[in-house]
$ cat protein-v2.txt   # compact mmCIF, C-alpha atoms and all ligand atoms
# COMPACT_ATOMS: atom_id res chain seq x y z
CA MET A 18 22.57 -5.85 -12.60
CA ASN A 19 19.18 -7.53 -12.90
CA ASN A 20 16.12 -6.71 -14.96
CA PHE A 21 12.40 -6.69 -14.20
CA GLY A 22 12.11 -10.28 -15.49
CA ASP A 23 14.58 -11.53 -12.86
CA LEU A 24 12.75 -9.55 -10.19
CA LEU A 25 9.35 -10.96 -11.07
CA THR A 26 10.75 -14.51 -11.13
CA LEU A 27 12.18 -13.96 -7.67
CA PHE A 28 8.91 -12.58 -6.32
CA GLU A 29 7.07 -15.59 -7.72
CA ARG A 30 9.61 -18.10 -6.40
CA TYR A 31 9.59 -17.14 -2.71
CA GLN A 32 6.72 -16.99 -0.25
CA THR A 33 7.96 -14.86 2.64
CA PHE A 34 9.37 -11.35 2.28
CA ALA A 35 10.53 -8.39 4.29
CA ILE A 36 10.78 -4.85 2.98
CA THR A 37 12.89 -2.08 4.41
CA THR A 38 14.41 1.26 3.43
CA HIS A 39 16.89 3.87 4.58
CA VAL A 40 17.01 5.57 7.98
CA ASN A 41 14.95 8.78 8.25
CA PRO A 42 12.59 7.52 5.57
CA ASP A 43 11.11 10.07 3.16
CA GLY A 44 8.05 10.08 0.91
CA ASP A 45 9.76 8.01 -1.76
CA ALA A 46 10.99 5.43 0.73
CA ILE A 47 7.66 4.93 2.49
CA GLY A 48 5.48 5.29 -0.60
CA SER A 49 7.56 2.70 -2.45
CA GLU A 50 7.53 0.31 0.50
CA ILE A 51 3.75 0.33 0.85
CA ALA A 52 3.10 0.10 -2.91
CA LEU A 53 5.39 -2.94 -3.18
CA TYR A 54 3.90 -4.43 -0.02
CA LEU A 55 0.44 -4.26 -1.64
CA PHE A 56 1.80 -5.73 -4.88
CA LEU A 57 3.24 -8.74 -3.03
CA ARG A 58 0.08 -9.16 -1.00
CA LYS A 59 -1.88 -9.47 -4.23
CA LEU A 60 0.49 -12.27 -5.22
CA GLY A 61 -0.53 -14.01 -1.98
CA LYS A 62 2.83 -13.58 -0.28
CA SER A 63 3.60 -13.18 3.42
CA ILE A 64 5.21 -9.84 3.86
CA ARG A 65 6.27 -7.46 6.61
CA ILE A 66 7.83 -4.00 6.54
CA PHE A 67 10.50 -3.04 9.11
CA ASN A 68 12.09 0.39 9.31
CA ALA A 69 14.84 1.77 11.52
CA ASP A 70 12.80 4.96 12.07
CA ALA A 71 9.08 5.50 12.59
CA VAL A 72 6.83 6.77 9.81
CA PRO A 73 6.91 10.59 10.16
CA LYS A 74 3.56 12.13 11.01
CA LYS A 75 3.25 13.86 7.63
CA TYR A 76 3.18 10.46 5.90
CA GLN A 77 0.56 9.00 8.17
CA PHE A 78 -2.13 9.85 5.60
CA LEU A 79 -0.81 6.99 3.46
CA PRO A 80 -2.81 3.75 3.58
CA TYR A 81 -1.25 0.91 5.59
CA TRP A 82 1.38 3.15 7.18
CA GLU A 83 0.54 1.42 10.47
CA ASN A 84 1.78 -1.85 8.97
CA VAL A 85 5.32 -0.46 9.05
CA GLU A 86 6.92 -2.15 12.06
CA ASN A 87 9.89 -1.02 14.09
CA ALA A 88 13.28 -2.63 13.63
CA GLN A 89 13.17 -4.58 16.91
CA ALA A 90 10.07 -6.48 15.74
CA SER A 91 12.15 -8.13 13.00
CA THR A 92 14.09 -10.40 15.35
CA ASP A 93 11.41 -13.11 15.26
CA TYR A 94 11.11 -13.05 11.46
CA CYS A 95 13.31 -14.77 8.93
CA PRO A 96 12.02 -14.10 5.41
CA GLU A 97 13.18 -15.90 2.31
CA ALA A 98 13.92 -12.61 0.64
CA LEU A 99 14.59 -9.10 1.91
CA VAL A 100 13.80 -6.16 -0.37
CA ILE A 101 15.76 -2.98 0.36
CA LEU A 102 14.30 0.10 -1.30
CA ASP A 103 15.79 3.52 -2.01
CA ALA A 104 19.01 2.86 -0.06
CA SER A 105 22.33 3.35 -1.81
CA SER A 106 24.14 0.99 0.56
CA ARG A 107 23.26 -1.82 2.96
CA GLU A 108 24.34 0.29 5.94
CA ARG A 109 21.70 2.92 5.07
CA ILE A 110 18.97 0.67 6.54
CA GLY A 111 20.43 1.24 10.00
CA LYS A 112 22.66 -0.79 12.31
CA PHE A 113 20.00 -2.94 13.91
CA LEU A 114 18.36 -4.13 10.69
CA SER A 115 21.72 -4.62 8.92
CA LYS A 116 22.67 -6.95 11.74
CA HIS A 117 19.41 -8.75 12.50
CA LEU A 118 17.26 -8.83 9.38
CA ILE A 119 18.96 -11.58 7.40
CA PRO A 120 16.96 -13.37 4.70
CA ILE A 121 17.34 -17.09 4.00
CA HIS A 122 17.91 -16.74 0.27
CA ALA A 123 18.29 -13.32 -1.21
CA ILE A 124 18.69 -9.58 -0.68
CA VAL A 125 17.00 -7.51 -3.36
CA ASN A 126 18.24 -3.97 -3.89
CA ILE A 127 15.95 -1.57 -5.77
CA ASP A 128 17.27 1.97 -6.07
CA HIS A 129 17.70 5.04 -8.25
CA HIS A 130 20.63 6.82 -6.57
CA ILE A 131 23.68 7.60 -8.69
CA SER A 132 25.79 6.39 -5.77
CA ALA A 133 23.84 3.08 -5.66
CA LYS A 134 26.02 0.10 -4.89
CA ASN A 135 25.23 -3.39 -6.14
CA PHE A 136 25.09 -4.73 -2.59
CA GLY A 137 22.19 -7.13 -3.17
CA ASP A 138 22.03 -10.64 -4.58
CA TYR A 139 19.58 -9.04 -7.00
CA ASN A 140 20.06 -5.43 -8.01
CA VAL A 141 17.59 -3.32 -9.94
CA ILE A 142 19.26 0.07 -10.24
CA GLN A 143 17.84 2.74 -12.53
CA THR A 144 19.69 6.01 -12.03
CA GLU A 145 17.92 7.79 -14.89
CA VAL A 146 14.50 7.76 -13.22
CA SER A 147 13.16 10.24 -10.67
CA SER A 148 12.54 7.96 -7.74
CA THR A 149 12.23 4.44 -6.43
CA ALA A 150 8.47 4.95 -6.75
CA GLU A 151 8.93 5.39 -10.51
CA ILE A 152 10.79 2.06 -10.66
CA ILE A 153 8.03 0.33 -8.67
CA TYR A 154 5.40 1.85 -10.99
CA LYS A 155 7.21 0.56 -14.07
CA PHE A 156 7.75 -2.83 -12.47
CA ILE A 157 4.06 -3.31 -11.59
CA LYS A 158 3.21 -2.38 -15.19
CA TYR A 159 5.83 -4.85 -16.42
CA ALA A 160 4.32 -7.57 -14.22
CA ASP A 161 1.02 -6.83 -15.94
CA MET A 162 -0.73 -6.21 -12.64
CA SER A 163 -3.11 -3.31 -12.14
CA ILE A 164 -2.20 -0.44 -9.86
CA ASP A 165 -4.98 0.26 -7.38
CA ALA A 166 -5.99 3.60 -5.86
CA GLU A 167 -4.03 2.98 -2.65
CA GLN A 168 -0.86 2.13 -4.51
CA ALA A 169 -1.37 5.16 -6.76
CA LEU A 170 -1.47 7.52 -3.78
CA CYS A 171 1.70 5.98 -2.33
CA LEU A 172 3.61 6.09 -5.62
CA TYR A 173 2.50 9.65 -6.40
CA THR A 174 3.74 10.74 -2.97
CA GLY A 175 7.12 9.16 -3.76
CA LEU A 176 7.32 10.87 -7.15
CA MET A 177 6.27 14.21 -5.72
CA PHE A 178 8.74 14.09 -2.87
CA ASP A 179 11.82 13.02 -4.83
CA THR A 180 11.25 15.56 -7.59
CA GLY A 181 10.77 18.43 -5.11
CA CYS A 182 7.16 18.69 -6.25
CA PHE A 183 8.17 18.20 -9.90
CA ARG A 184 10.67 21.08 -9.81
CA TYR A 185 13.98 19.19 -10.11
CA SER A 186 15.55 18.14 -13.39
CA ASN A 187 14.83 14.48 -12.57
CA ALA A 188 11.12 15.17 -13.27
CA THR A 189 11.14 14.10 -16.91
CA PRO A 190 8.18 14.15 -19.30
CA GLU A 191 7.84 10.44 -18.47
CA THR A 192 7.66 11.27 -14.73
CA HIS A 193 4.85 13.74 -15.42
CA ARG A 194 2.99 11.16 -17.53
CA ILE A 195 3.27 8.63 -14.70
CA ALA A 196 2.07 11.25 -12.19
CA ALA A 197 -0.94 11.97 -14.40
CA ASP A 198 -1.73 8.26 -14.62
CA LEU A 199 -1.47 7.90 -10.82
CA ILE A 200 -3.77 10.90 -10.22
CA GLU A 201 -6.36 9.33 -12.52
CA ILE A 202 -6.10 5.91 -10.90
CA GLY A 203 -6.02 7.23 -7.33
CA ASN A 204 -8.65 9.90 -7.80
CA PHE A 205 -6.95 11.99 -5.10
CA ALA A 206 -6.36 15.74 -5.07
CA PRO A 207 -2.66 16.49 -5.68
CA ASP A 208 -2.91 19.68 -3.61
CA GLU A 209 -4.08 17.62 -0.64
CA VAL A 210 -1.07 15.33 -0.99
CA TYR A 211 1.14 18.43 -1.09
CA SER A 212 -0.65 19.86 1.92
CA ASN A 213 -0.24 16.64 3.91
CA VAL A 214 3.49 16.51 3.29
CA TYR A 215 4.42 20.20 3.45
CA GLU A 216 1.74 22.21 5.20
CA HIS A 217 1.26 20.58 8.57
CA LEU A 218 4.30 22.14 10.12
CA PRO A 219 4.59 22.18 13.88
CA LEU A 220 5.24 25.66 15.30
CA GLY A 221 8.55 24.41 16.70
CA LYS A 222 9.84 23.78 13.20
CA ILE A 223 9.35 27.42 12.22
CA ARG A 224 11.03 28.55 15.45
CA LEU A 225 13.89 26.17 14.67
CA LEU A 226 14.11 27.56 11.11
CA GLY A 227 14.45 31.06 12.57
CA LYS A 228 17.31 29.99 14.85
CA THR A 229 18.95 28.04 12.02
CA LEU A 230 18.85 30.95 9.55
CA SER A 231 20.55 33.14 12.13
CA THR A 232 23.62 30.84 11.91
CA LEU A 233 23.97 31.45 8.15
CA GLU A 234 27.49 31.99 6.87
CA LEU A 235 28.86 32.30 3.34
CA THR A 236 32.25 32.25 1.68
CA SER A 237 33.43 35.68 0.53
CA ASP A 238 32.34 35.00 -3.05
CA GLY A 239 28.90 33.96 -1.77
CA LYS A 240 29.05 30.63 -3.61
CA ILE A 241 29.05 28.33 -0.58
CA ALA A 242 26.59 28.85 2.25
CA TRP A 243 26.05 26.87 5.41
CA VAL A 244 23.90 26.70 8.51
CA VAL A 245 24.25 24.71 11.70
CA VAL A 246 21.57 23.07 13.82
CA THR A 247 22.71 22.18 17.32
CA GLN A 248 21.18 19.81 19.86
CA LYS A 249 20.48 22.84 22.05
CA MET A 250 18.45 24.44 19.26
CA LEU A 251 16.43 21.22 18.88
CA ASN A 252 15.83 21.07 22.63
CA ASP A 253 14.90 24.75 22.91
CA THR A 254 12.27 24.44 20.16
CA ASP A 255 11.07 20.96 21.16
CA THR A 256 11.93 19.57 17.71
CA THR A 257 13.84 16.62 16.28
CA LEU A 258 16.20 16.05 13.36
CA ASP A 259 13.16 15.28 11.17
CA ASP A 260 12.13 18.92 11.49
CA VAL A 261 15.34 20.05 9.78
CA GLU A 262 14.14 18.58 6.49
CA GLY A 263 13.90 21.26 3.78
CA PHE A 264 16.08 23.85 5.56
CA VAL A 265 18.97 23.28 3.19
CA ASN A 266 16.73 24.21 0.25
CA GLN A 267 16.10 27.64 1.80
CA ILE A 268 19.86 28.24 1.81
CA GLN A 269 20.24 26.98 -1.74
CA ALA A 270 17.63 29.52 -2.88
CA ILE A 271 20.04 32.41 -2.19
CA ASP A 272 20.96 34.06 -5.48
CA SER A 273 24.75 33.64 -5.35
CA VAL A 274 24.84 30.15 -3.83
CA GLU A 275 26.25 27.19 -5.76
CA VAL A 276 26.58 24.80 -2.82
CA ALA A 277 24.34 24.82 0.26
CA VAL A 278 25.22 22.91 3.41
CA CYS A 279 23.08 22.17 6.43
CA ILE A 280 24.91 20.55 9.33
CA CYS A 281 23.10 19.00 12.26
CA GLU A 282 24.78 18.13 15.49
CA LEU A 283 23.84 14.57 16.46
CA GLN A 284 23.33 13.40 20.03
CA ASP A 285 26.83 11.89 20.05
CA GLY A 286 28.31 15.24 18.99
CA ASN A 287 29.03 14.14 15.43
CA SER A 288 27.52 15.71 12.31
CA LYS A 289 24.77 14.86 9.88
CA VAL A 290 25.11 16.81 6.66
CA SER A 291 22.71 17.72 3.84
CA LEU A 292 24.12 19.14 0.62
CA ARG A 293 22.48 20.88 -2.32
CA SER A 294 24.01 22.11 -5.56
CA GLU A 295 22.80 24.55 -8.20
CA GLY A 296 24.34 22.15 -10.75
CA LEU A 297 27.96 23.31 -11.04
CA VAL A 298 29.32 21.05 -8.30
CA ASP A 299 28.52 17.32 -8.05
CA VAL A 300 27.52 17.04 -4.39
CA ALA A 301 27.11 13.24 -4.66
CA ALA A 302 30.89 13.12 -5.26
CA LEU A 303 31.42 15.59 -2.43
CA ALA A 304 29.33 13.45 -0.05
CA ALA A 305 31.12 10.30 -1.24
CA GLU A 306 34.37 11.80 0.03
CA PHE A 307 32.84 11.37 3.50
CA ASN A 308 31.22 7.98 2.76
CA GLY A 309 27.86 9.56 2.01
CA GLY A 310 25.75 9.39 -1.10
CA GLY A 311 22.85 10.76 -3.08
CA HIS A 312 22.38 12.66 -6.30
CA GLU A 313 24.48 15.20 -8.20
CA ARG A 314 22.35 18.04 -6.86
CA ALA A 315 21.15 16.63 -3.52
CA SER A 316 23.17 14.42 -1.22
CA GLY A 317 24.11 13.77 2.37
CA CYS A 318 26.65 12.21 4.68
CA ARG A 319 27.59 11.71 8.31
CA ILE A 320 30.92 12.99 9.55
CA ASN A 321 32.44 11.74 12.78
CA HIS A 322 33.47 15.23 13.91
CA GLN A 323 31.65 18.03 15.65
CA PRO A 324 29.94 20.56 13.36
CA THR A 325 32.69 23.21 13.53
CA SER A 326 35.31 20.76 12.22
CA ALA A 327 32.86 19.16 9.77
CA ILE A 328 32.13 22.59 8.23
CA LYS A 329 35.82 23.24 7.65
CA MET A 330 36.21 19.90 5.89
CA LEU A 331 33.11 20.33 3.74
CA VAL A 332 33.62 23.95 2.80
CA GLY A 333 37.27 23.20 1.99
CA SER A 334 36.30 20.40 -0.33
CA ALA A 335 33.47 22.39 -1.94
CA LYS A 336 35.87 25.32 -2.55
CA ARG A 337 38.41 23.04 -4.24
CA ARG A 338 35.68 21.64 -6.46
CA ILE A 339 34.48 25.11 -7.47
CA ASP A 340 38.08 26.23 -8.15
CA GLU A 341 38.64 23.23 -10.40
CA ILE A 342 35.73 24.18 -12.65
MN MN B 1 14.35 8.15 -3.55

$ encode --input "protein-v2.txt" --output "structure tokens" --more "lines below"
Ligand SMILES: [Mn+2]
Amino acid sequence: MNNFGDLLTLFERYQTFAITTHVNPDGDAIGSEIALYLFLRKLGKSIRIFNADAVPKKYQFLPYWENVENAQASTDYCPEALVILDASSRERIGKFLSKHLIPIHAIVNIDHHISAKNFGDYNVIQTEVSSTAEIIYKFIKYADMSIDAEQALCLYTGLMFDTGCFRYSNATPETHRIAADLIEIGNFAPDEVYSNVYEHLPLGKIRLLGKTLSTLELTSDGKIAWVVVTQKMLNDTDTTLDDVEGFVNQIQAIDSVEVAVCICELQDGNSKVSLRSEGLVDVAALAAEFNGGGHERASGCRINHQPTSAIKMLVGSAKRRIDEI
């Protein structure tokens, strides 16, 4: 494990960098990428950002989002160092980038997931903080550089997203202090950030939510609940997998539910799974059983089975875990 001193030395040593993050990037992933991109630019470095997936529309209010390039554009670029943010394993950056984006000297891994693996040549892993954005904030402070208004907006968005708008237990007093600092620096309206991320829903998403909720099933004790999103439902509502974000939280909000599961059918027929826990069951461990990862109360995985089989496997494992408690 490396410290901020090692990280700063590395950033000073090399001249060319690439930044990337996990597939289906969220507010923390994109906010952290752009804030670090601006930090390195101020150091006079050459830097490009490549992501497996496009910046979702709701994050296109962030400055410099257009500088995020698609994965294919990385084939002509060979940076000295590659910085991977918010991804608990190398594979999380997607097949194409894992294969083609190879730095000359070093891979830097900056992450806060409990399931984080030390896959980099340099690893800055802080599992006690709320988000990768919080790590980037602390690092910029450590480097004794000022945070500008654009970086503040990006980092706040990361903090807000990964703490579920400061509702989850990972939003510590320190996280709130950092958020306050970022609001002062950025001079933005927090409610507008919220509105950008959560209140520009396409109609199709609400129609998809309706269809999804109608698939709701629970175990007889009501402790495990699950919903399924099929490709047909996505097609019928003209939506994509991105639109499923947040559905699992609706299921988790049911009074009796300890473990909530949202299963999406992928184009190849396999399953993408989101898991949430009230706190009794460690869903990071549950996801790890299927090579996934995340946090104790929010995690995910992909299962190479169709949803009906994937549900059986997941619910079975969740039941065993509840019985063991
Ligand atoms: Mn994160």

$ residues_around --input "protein-v2.txt" --residues "range 96-112 of chain A" --least-positions-apart "2" --cutoff "6 Å" --atoms "all atoms listed in the file" --output "VMD selection string"
chain A and resid 33 to 40 46 69 114 to 115 120 to 128 133 to 134 149

$ write_last_selection --input "protein-v2.txt" --atoms "C-alpha atoms" --output "PDB file, in the coordinates of the input"
ATOM      1  CA  THR A  33       7.960 -14.860   2.640  1.00  0.00           C
ATOM      2  CA  PHE A  34       9.370 -11.350   2.280  1.00  0.00           C
ATOM      3  CA  ALA A  35      10.530  -8.390   4.290  1.00  0.00           C
ATOM      4  CA  ILE A  36      10.780  -4.850   2.980  1.00  0.00           C
ATOM      5  CA  THR A  37      12.890  -2.080   4.410  1.00  0.00           C
ATOM      6  CA  THR A  38      14.410   1.260   3.430  1.00  0.00           C
ATOM      7  CA  HIS A  39      16.890   3.870   4.580  1.00  0.00           C
ATOM      8  CA  VAL A  40      17.010   5.570   7.980  1.00  0.00           C
ATOM      9  CA  ALA A  46      10.990   5.430   0.730  1.00  0.00           C
ATOM     10  CA  ALA A  69      14.840   1.770  11.520  1.00  0.00           C
ATOM     11  CA  LEU A 114      18.360  -4.130  10.690  1.00  0.00           C
ATOM     12  CA  SER A 115      21.720  -4.620   8.920  1.00  0.00           C
ATOM     13  CA  PRO A 120      16.960 -13.370   4.700  1.00  0.00           C
ATOM     14  CA  ILE A 121      17.340 -17.090   4.000  1.00  0.00           C
ATOM     15  CA  HIS A 122      17.910 -16.740   0.270  1.00  0.00           C
ATOM     16  CA  ALA A 123      18.290 -13.320  -1.210  1.00  0.00           C
ATOM     17  CA  ILE A 124      18.690  -9.580  -0.680  1.00  0.00           C
ATOM     18  CA  VAL A 125      17.000  -7.510  -3.360  1.00  0.00           C
ATOM     19  CA  ASN A 126      18.240  -3.970  -3.890  1.00  0.00           C
ATOM     20  CA  ILE A 127      15.950  -1.570  -5.770  1.00  0.00           C
ATOM     21  CA  ASP A 128      17.270   1.970  -6.070  1.00  0.00           C
ATOM     22  CA  ALA A 133      23.840   3.080  -5.660  1.00  0.00           C
ATOM     23  CA  LYS A 134      26.020   0.100  -4.890  1.00  0.00           C
ATOM     24  CA  THR A 149      12.230   4.440  -6.430  1.00  0.00           C
TER      25      THR A 149
END

$ residues_around --input "protein-v2.txt" --residues "Tyr185 in chain A" --least-positions-apart "3" --cutoff "12 Å" --atoms "only C-alpha atoms" --output "PyMOL selection string"
chain A and resi 146-148+176-182+188-190+192-193+266+293-296+312-315

$ residues_around --input "protein-v2.txt" --residues "range 205-218 of chain A" --least-positions-apart "5" --cutoff "10 Å" --atoms "all atoms listed in the file" --output "number ranges by chain"
A: 43-44, 73-79, 166-167, 169-171, 173-174, 177-178, 182, 196-197, 199-200, 223, 260, 263

$ closest_residue --input "protein-v2.txt" --among "A:Val265, A:Leu303, A:Ile157, A:Ile339" --to "Lys59 in chain A" --atoms "all atoms listed in the file"
A:Ile157

$ closest_residue --input "protein-v2.txt" --among "A:Ile51, A:Phe113, A:Asp259, A:Phe264" --to "Val85 in chain A" --atoms "only C-alpha atoms"
A:Ile51

$ residues_around --input "protein-v2.txt" --residues "Ser288 in chain A" --least-positions-apart "4" --cutoff "7 Å" --atoms "only C-alpha atoms" --output "PyMOL selection string"
chain A and resi 280-283+319-324+327

$ write_last_selection --input "protein-v2.txt" --atoms "C-alpha atoms" --output "PDB file, in the coordinates of the input"
ATOM      1  CA  ILE A 280      24.910  20.550   9.330  1.00  0.00           C
ATOM      2  CA  CYS A 281      23.100  19.000  12.260  1.00  0.00           C
ATOM      3  CA  GLU A 282      24.780  18.130  15.490  1.00  0.00           C
ATOM      4  CA  LEU A 283      23.840  14.570  16.460  1.00  0.00           C
ATOM      5  CA  ARG A 319      27.590  11.710   8.310  1.00  0.00           C
ATOM      6  CA  ILE A 320      30.920  12.990   9.550  1.00  0.00           C
ATOM      7  CA  ASN A 321      32.440  11.740  12.780  1.00  0.00           C
ATOM      8  CA  HIS A 322      33.470  15.230  13.910  1.00  0.00           C
ATOM      9  CA  GLN A 323      31.650  18.030  15.650  1.00  0.00           C
ATOM     10  CA  PRO A 324      29.940  20.560  13.360  1.00  0.00           C
ATOM     11  CA  ALA A 327      32.860  19.160   9.770  1.00  0.00           C
TER      12      ALA A 327
END

$ residues_around --input "protein-v2.txt" --residues "Leu297 in chain A" --least-positions-apart "4" --cutoff "12 Å" --atoms "all atoms listed in the file" --output "list in words"
Lys240, Ile241, Val274, Glu275, Val276, Ala277, Arg293, Ala301, Glu313, Arg314, Ala335, Lys336, Arg338, Ile339, Asp340, Glu341 and Ile342 of chain A

$ atom_distance --input "protein-v2.txt" --atom1 "CA of His129 in chain A" --atom2 "CA of Gln143 in chain A"
4.9 Å

$ closest_residue --input "protein-v2.txt" --among "A:Asp299, A:Asp285, A:Asp45, A:Asp93" --to "Ser132 in chain A" --atoms "all atoms listed in the file"
A:Asp299

$ closest_residue --input "protein-v2.txt" --among "A:Asn19, A:Val141, A:Ser49, A:Asp165" --to "ligand MN 1 (chain B)" --atoms "all atoms listed in the file"
A:Ser49

$ closest_residue --input "protein-v2.txt" --among "A:Lys289, A:Lys228, A:His130, A:Lys62" --to "ligand MN 1 (chain B)" --atoms "all atoms listed in the file"
A:His130

$ closest_residue --input "protein-v2.txt" --among "A:Gly317, A:Gly239, A:Gly311, A:Pro80" --to "ligand MN 1 (chain B)" --atoms "all atoms listed in the file"
A:Gly311

$ residues_near_point --input "protein-v2.txt" --point "(19.1, 25.7, 22.2)" --cutoff "12 Å" --atoms "all atoms listed in the file" --output "ChimeraX atom specification"
/A:221,224-225,227-229,245-256,282

$ axis_aligned_box --input "protein-v2.txt" --around "range 285-302 of chain A" --padding-each-side "6 Å" --output "lines of an AutoDock Vina configuration file"
center_x = 26.7
center_y = 18.2
center_z = 4.5
size_x = 20.4
size_y = 24.7
size_z = 43.1

$ atom_distance --input "protein-v2.txt" --atom1 "CA of Ser291 in chain A" --atom2 "CA of Gln89 in chain A"
27.6 Å

$ atom_distance --input "protein-v2.txt" --atom1 "CA of Met18 in chain A" --atom2 "CA of Tyr139 in chain A"
7.1 Å
